[in-house]
$ cat upload_37.txt   # compact mmCIF, C-alpha atoms
# COMPACT_ATOMS: atom_id res chain seq x y z
CA MET A 16 -12.28 51.92 -21.18
CA THR A 17 -9.33 49.87 -22.47
CA VAL A 18 -5.61 50.53 -22.38
CA GLY A 19 -5.62 50.85 -26.17
CA GLU A 20 -8.34 53.50 -26.05
CA LEU A 21 -6.52 55.47 -23.36
CA GLY A 22 -3.08 55.23 -25.02
CA GLU A 23 0.41 54.93 -23.55
CA PHE A 24 0.67 58.39 -22.01
CA GLY A 25 -2.89 58.26 -20.72
CA ILE A 26 -2.29 54.96 -18.92
CA ILE A 27 1.02 56.22 -17.53
CA ALA A 28 -0.77 59.28 -16.14
CA ARG A 29 -3.44 57.07 -14.55
CA ILE A 30 -0.83 54.75 -13.04
CA THR A 31 1.48 57.43 -11.63
CA ALA A 32 -1.46 59.27 -10.06
CA ARG A 33 -1.94 56.22 -7.82
CA PHE A 34 1.54 56.40 -6.26
CA ALA A 35 2.90 59.02 -3.88
CA PRO A 36 6.70 59.24 -3.90
CA GLY A 37 8.30 58.04 -0.67
CA PRO A 38 11.14 59.78 1.18
CA ALA A 39 13.87 57.87 -0.69
CA VAL A 40 12.56 58.90 -4.13
CA GLU A 41 14.20 62.16 -5.18
CA LEU A 42 12.83 62.04 -8.74
CA GLY A 43 10.00 59.69 -9.56
CA PRO A 44 8.02 58.77 -12.66
CA GLY A 45 7.95 61.12 -15.60
CA ASP A 46 11.59 61.52 -16.58
CA ASP A 47 14.05 59.21 -18.33
CA ALA A 48 15.03 57.52 -15.06
CA ALA A 49 14.31 57.72 -11.35
CA ILE A 50 16.62 59.02 -8.65
CA VAL A 51 16.49 57.08 -5.40
CA ALA A 52 18.55 58.12 -2.37
CA ALA A 53 21.02 55.59 -0.98
CA PRO A 54 22.24 57.21 2.27
CA GLY A 55 24.67 54.37 3.08
CA GLY A 56 26.02 54.39 -0.45
CA ARG A 57 25.07 50.76 -1.15
CA VAL A 58 21.97 49.56 -2.96
CA VAL A 59 20.50 46.06 -3.04
CA ALA A 60 18.64 45.34 -6.29
CA THR A 61 16.54 42.38 -7.40
CA THR A 62 14.19 41.66 -10.31
CA ASP A 63 11.40 39.18 -10.92
CA VAL A 64 9.30 38.72 -14.04
CA LEU A 65 5.73 37.43 -13.87
CA VAL A 66 4.11 36.14 -17.06
CA GLU A 67 0.39 35.52 -17.45
CA GLY A 68 -0.33 31.82 -17.76
CA ARG A 69 2.96 30.88 -16.09
CA HIS A 70 3.00 32.82 -12.78
CA PHE A 71 -0.64 33.89 -12.54
CA ARG A 72 -3.94 33.53 -14.34
CA ARG A 73 -6.31 36.44 -14.64
CA ASP A 74 -9.27 34.07 -14.43
CA TRP A 75 -8.00 32.78 -11.04
CA SER A 76 -6.53 35.88 -9.41
CA PRO A 77 -7.85 39.42 -9.18
CA PRO A 78 -5.44 42.13 -10.35
CA TYR A 79 -5.06 43.56 -6.85
CA ASP A 80 -3.70 40.22 -5.59
CA ILE A 81 -1.36 39.88 -8.58
CA GLY A 82 0.02 43.35 -7.83
CA ARG A 83 0.57 42.52 -4.16
CA LYS A 84 2.32 39.28 -5.07
CA ALA A 85 4.62 41.01 -7.57
CA ALA A 86 5.64 43.64 -5.03
CA ALA A 87 5.88 41.24 -2.07
CA GLN A 88 8.21 38.74 -3.70
CA ASN A 89 10.65 41.47 -4.70
CA LEU A 90 10.47 43.39 -1.44
CA ALA A 91 11.02 40.13 0.47
CA ASP A 92 14.21 39.47 -1.50
CA VAL A 93 15.56 42.90 -0.51
CA VAL A 94 14.72 42.32 3.17
CA ALA A 95 16.26 38.83 3.03
CA MET A 96 19.58 40.49 2.13
CA GLY A 97 19.38 42.68 5.23
CA ALA A 98 18.40 45.84 3.35
CA ARG A 99 15.61 48.36 3.87
CA PRO A 100 13.31 48.49 0.78
CA THR A 101 13.13 51.95 -0.77
CA ALA A 102 11.61 51.71 -4.24
CA LEU A 103 10.17 49.58 -7.02
CA LEU A 104 10.57 49.98 -10.76
CA VAL A 105 7.77 48.32 -12.72
CA GLY A 106 7.72 47.19 -16.34
CA LEU A 107 4.20 46.37 -17.49
CA GLY A 108 3.20 44.79 -20.78
CA VAL A 109 -0.53 44.44 -21.48
CA PRO A 110 -2.75 43.74 -24.47
CA SER A 111 -4.40 46.93 -25.75
CA ALA A 112 -7.86 45.46 -25.00
CA THR A 113 -7.06 45.29 -21.25
CA ASP A 114 -9.49 47.28 -19.11
CA VAL A 115 -7.91 50.31 -17.48
CA ALA A 116 -9.65 49.34 -14.23
CA TRP A 117 -7.70 46.06 -14.26
CA VAL A 118 -4.40 47.95 -14.54
CA GLU A 119 -5.42 50.38 -11.80
CA ALA A 120 -6.30 47.53 -9.42
CA LEU A 121 -2.94 45.85 -10.18
CA CYS A 122 -1.17 49.11 -9.31
CA ASP A 123 -3.23 49.53 -6.14
CA GLY A 124 -2.03 46.09 -5.00
CA MET A 125 1.62 47.01 -5.63
CA ARG A 126 1.15 50.35 -3.87
CA ASP A 127 -0.49 48.83 -0.80
CA GLU A 128 2.10 46.06 -0.45
CA SER A 129 4.97 48.56 -0.85
CA ALA A 130 3.45 50.89 1.73
CA GLN A 131 3.86 48.20 4.41
CA VAL A 132 7.65 48.65 4.23
CA GLU A 133 7.58 52.36 3.32
CA ALA A 134 8.80 51.73 -0.23
CA SER A 135 7.32 53.48 -3.22
CA ILE A 136 6.98 53.04 -6.97
CA ALA A 137 9.72 55.21 -8.47
CA GLY A 138 9.18 54.56 -12.18
CA GLY A 139 9.02 51.96 -14.90
CA ASP A 140 7.71 51.37 -18.40
CA VAL A 141 4.44 50.43 -20.11
CA VAL A 142 4.30 48.55 -23.41
CA ARG A 143 1.75 46.75 -25.53
CA ALA A 144 2.10 42.96 -25.36
CA ASP A 145 0.18 39.86 -26.45
CA THR A 146 -0.22 38.77 -22.82
CA VAL A 147 0.24 40.43 -19.44
CA LEU A 148 3.90 40.65 -18.44
CA LEU A 149 5.02 42.24 -15.19
CA ALA A 150 8.71 42.90 -14.47
CA VAL A 151 9.42 44.35 -11.04
CA THR A 152 12.79 45.59 -9.80
CA ALA A 153 13.09 46.31 -6.08
CA LEU A 154 15.76 48.56 -4.61
CA GLY A 155 16.86 48.76 -1.00
CA ALA A 156 19.37 50.63 1.13
CA LEU A 157 21.99 48.43 2.76
CA ASP A 158 23.03 50.09 6.01
CA GLY A 159 24.94 47.14 7.49
CA PRO A 160 26.53 43.93 6.30
CA PRO A 161 24.58 41.95 3.68
CA LEU A 162 22.87 38.73 4.73
CA THR A 163 23.71 36.17 2.08
CA ARG A 164 22.85 32.51 1.61
CA ALA A 165 26.51 31.72 2.27
CA GLY A 166 25.93 32.68 5.91
CA ALA A 167 23.46 29.83 6.54
CA ARG A 168 24.75 26.99 8.71
CA PRO A 169 23.37 23.59 9.76
CA GLY A 170 21.30 24.03 12.89
CA ASP A 171 20.18 27.59 12.04
CA VAL A 172 16.55 28.36 12.85
CA VAL A 173 14.29 29.11 9.90
CA ALA A 174 11.25 31.17 10.91
CA VAL A 175 8.16 31.52 8.73
CA CYS A 176 5.42 34.09 9.10
CA GLY A 177 2.01 33.82 7.51
CA ARG A 178 0.60 31.05 5.33
CA LEU A 179 3.13 29.12 3.25
CA GLY A 180 2.50 29.50 -0.47
CA HIS A 181 -0.05 32.28 -0.02
$ encode --input "upload_37.txt" --output "structure tokens"
Amino acid sequence: MTVGELGEFGIIARITARFAPGPAVELGPGDDAAIVAAPGGRVVATTDVLVEGRHFRRDWSPPYDIGRKAAAQNLADVVAMGARPTALLVGLGVPSATDVAWVEALCDGMRDESAQVEASIAGGDVVRADTVLLAVTALGALDGPPLTRAGARPGDVVAVCGRLGH
């Protein structure tokens, strides 16, 4: 089955069924906007856009891995600021001939990556596009002082975990 055959509301229903709202999400997908709790009163927000052919190729990467990458790079930016990730908002543009299974696997990757830091998908948008476009906004609760690039000093230790570039 393709996205075009299923239609906008059908694909939204399939996508949202894959995500359970986390504790910070007071109102998740299905309304005009999401409501995400910010107990400390401050929210860190970041957005990245991934475009097919520029940031990923569907013939090189499975959708699950693309979804994990999209979530990970945004969640990492929130953590780098010293915040606790709470939610993602996802804008997805796909050609109408895209298999629904491809979209579901993409969403599973985002869900599984987000679960590692107890964040959840709180909402987003789905549109028809000529190529796959994925815009992810990550939100996080800032309970202490922000960690900014301005705080870096010569001699600081930079620690890396995992495989570089993976």
$ residues_around --input "upload_37.txt" --residues "Thr62 in chain A" --least-positions-apart "2" --cutoff "9 Å" --atoms "all atoms listed in the file" --output "PyMOL selection string"
chain A and resi 60+64+89+150-153
$ residues_around --input "upload_37.txt" --residues "range 98-107 of chain A" --least-positions-apart "2" --cutoff "8 Å" --atoms "all atoms listed in the file" --output "number ranges by chain"
A: 37, 39-40, 51, 59, 86, 90, 93-96, 109, 132-142, 147-159, 161
$ closest_residue --input "upload_37.txt" --among "A:Ala53, A:Ala116, A:Val172, A:Leu179" --to "Pro77 in chain A" --atoms "only C-alpha atoms"
A:Ala116
$ atom_distance --input "upload_37.txt" --atom1 "CA of Leu65 in chain A" --atom2 "CA of Ala120 in chain A"
16.3 Å
$ atom_distance --input "upload_37.txt" --atom1 "CA of Pro38 in chain A" --atom2 "CA of Gln88 in chain A"
21.8 Å
$ residues_around --input "upload_37.txt" --residues "Arg33 in chain A" --least-positions-apart "5" --cutoff "8 Å" --atoms "all atoms listed in the file" --output "CSV table (one decimal) with C-alpha atoms, keeping the file's coordinate frame"
chain,number,residue,atom,x,y,z
A,119,GLU,CA,-5.4,50.4,-11.8
A,122,CYS,CA,-1.2,49.1,-9.3
A,123,ASP,CA,-3.2,49.5,-6.1
A,126,ARG,CA,1.2,50.4,-3.9
$ residues_near_point --input "upload_37.txt" --point "(-0.4, 45.4, 0.3)" --cutoff "10 Å" --atoms "all atoms listed in the file" --output "PyMOL selection string"
chain A and resi 79-80+82-84+86-87+123-132
$ build_atoms --input "upload_37.txt" --residues "range 90-122 of chain A" --atoms "N, CA and C atoms" --output "tab-separated table (two decimals), in the frame of the given file"
chain	number	residue	atom	x	y	z
A	90	LEU	N	10.15	42.73	-2.70
A	90	LEU	CA	10.47	43.39	-1.44
A	90	LEU	C	11.05	42.39	-0.44
A	91	ALA	N	10.52	41.16	-0.43
A	91	ALA	CA	11.02	40.13	0.47
A	91	ALA	C	12.47	39.77	0.15
A	92	ASP	N	12.83	39.77	-1.13
A	92	ASP	CA	14.21	39.47	-1.50
A	92	ASP	C	15.17	40.55	-0.99
A	93	VAL	N	14.73	41.80	-1.02
A	93	VAL	CA	15.56	42.90	-0.51
A	93	VAL	C	15.75	42.75	1.00
A	94	VAL	N	14.67	42.48	1.71
A	94	VAL	CA	14.72	42.32	3.17
A	94	VAL	C	15.59	41.11	3.53
A	95	ALA	N	15.48	40.03	2.75
A	95	ALA	CA	16.26	38.83	3.03
A	95	ALA	C	17.77	39.10	2.97
A	96	MET	N	18.16	40.11	2.23
A	96	MET	CA	19.58	40.49	2.13
A	96	MET	C	20.00	41.43	3.26
A	97	GLY	N	19.06	41.79	4.13
A	97	GLY	CA	19.38	42.68	5.23
A	97	GLY	C	19.24	44.14	4.90
A	98	ALA	N	18.55	44.45	3.79
A	98	ALA	CA	18.40	45.84	3.35
A	98	ALA	C	17.00	46.36	3.69
A	99	ARG	N	16.88	47.66	3.64
A	99	ARG	CA	15.61	48.36	3.87
A	99	ARG	C	15.04	48.74	2.50
A	100	PRO	N	13.88	48.17	2.09
A	100	PRO	CA	13.31	48.49	0.78
A	100	PRO	C	13.03	49.99	0.64
A	101	THR	N	13.36	50.53	-0.52
A	101	THR	CA	13.13	51.95	-0.77
A	101	THR	C	12.21	52.20	-1.96
A	102	ALA	N	12.35	51.40	-3.02
A	102	ALA	CA	11.61	51.71	-4.24
A	102	ALA	C	11.43	50.49	-5.13
A	103	LEU	N	10.40	50.57	-5.98
A	103	LEU	CA	10.17	49.58	-7.02
A	103	LEU	C	10.17	50.27	-8.37
A	104	LEU	N	10.70	49.59	-9.37
A	104	LEU	CA	10.57	49.98	-10.76
A	104	LEU	C	9.74	48.90	-11.43
A	105	VAL	N	8.73	49.29	-12.19
A	105	VAL	CA	7.77	48.32	-12.72
A	105	VAL	C	7.69	48.43	-14.24
A	106	GLY	N	7.95	47.31	-14.90
A	106	GLY	CA	7.72	47.19	-16.34
A	106	GLY	C	6.44	46.43	-16.54
A	107	LEU	N	5.51	46.98	-17.29
A	107	LEU	CA	4.20	46.37	-17.49
A	107	LEU	C	3.89	46.27	-18.97
A	108	GLY	N	3.67	45.03	-19.42
A	108	GLY	CA	3.20	44.79	-20.78
A	108	GLY	C	1.78	44.27	-20.71
A	109	VAL	N	0.87	44.88	-21.47
A	109	VAL	CA	-0.53	44.44	-21.48
A	109	VAL	C	-1.09	44.51	-22.89
A	110	PRO	N	-2.04	43.62	-23.20
A	110	PRO	CA	-2.75	43.74	-24.47
A	110	PRO	C	-3.55	45.05	-24.49
A	111	SER	N	-3.70	45.64	-25.66
A	111	SER	CA	-4.40	46.93	-25.75
A	111	SER	C	-5.87	46.82	-25.35
A	112	ALA	N	-6.45	45.63	-25.39
A	112	ALA	CA	-7.86	45.46	-25.00
A	112	ALA	C	-8.05	45.33	-23.49
A	113	THR	N	-6.97	45.41	-22.71
A	113	THR	CA	-7.06	45.29	-21.25
A	113	THR	C	-7.81	46.48	-20.67
A	114	ASP	N	-8.75	46.20	-19.77
A	114	ASP	CA	-9.49	47.28	-19.11
A	114	ASP	C	-8.55	48.11	-18.25
A	115	VAL	N	-8.70	49.41	-18.31
A	115	VAL	CA	-7.91	50.31	-17.48
A	115	VAL	C	-8.14	50.01	-16.01
A	116	ALA	N	-9.35	49.67	-15.63
A	116	ALA	CA	-9.65	49.34	-14.23
A	116	ALA	C	-8.82	48.16	-13.75
A	117	TRP	N	-8.54	47.20	-14.62
A	117	TRP	CA	-7.70	46.06	-14.26
A	117	TRP	C	-6.29	46.54	-13.93
A	118	VAL	N	-5.74	47.41	-14.76
A	118	VAL	CA	-4.40	47.95	-14.54
A	118	VAL	C	-4.36	48.77	-13.25
A	119	GLU	N	-5.38	49.57	-13.02
A	119	GLU	CA	-5.42	50.38	-11.80
A	119	GLU	C	-5.46	49.50	-10.55
A	120	ALA	N	-6.24	48.43	-10.58
A	120	ALA	CA	-6.30	47.53	-9.42
A	120	ALA	C	-4.96	46.83	-9.21
A	121	LEU	N	-4.28	46.44	-10.27
A	121	LEU	CA	-2.94	45.85	-10.18
A	121	LEU	C	-2.00	46.83	-9.48
A	122	CYS	N	-2.03	48.08	-9.90
A	122	CYS	CA	-1.17	49.11	-9.31
A	122	CYS	C	-1.53	49.38	-7.85
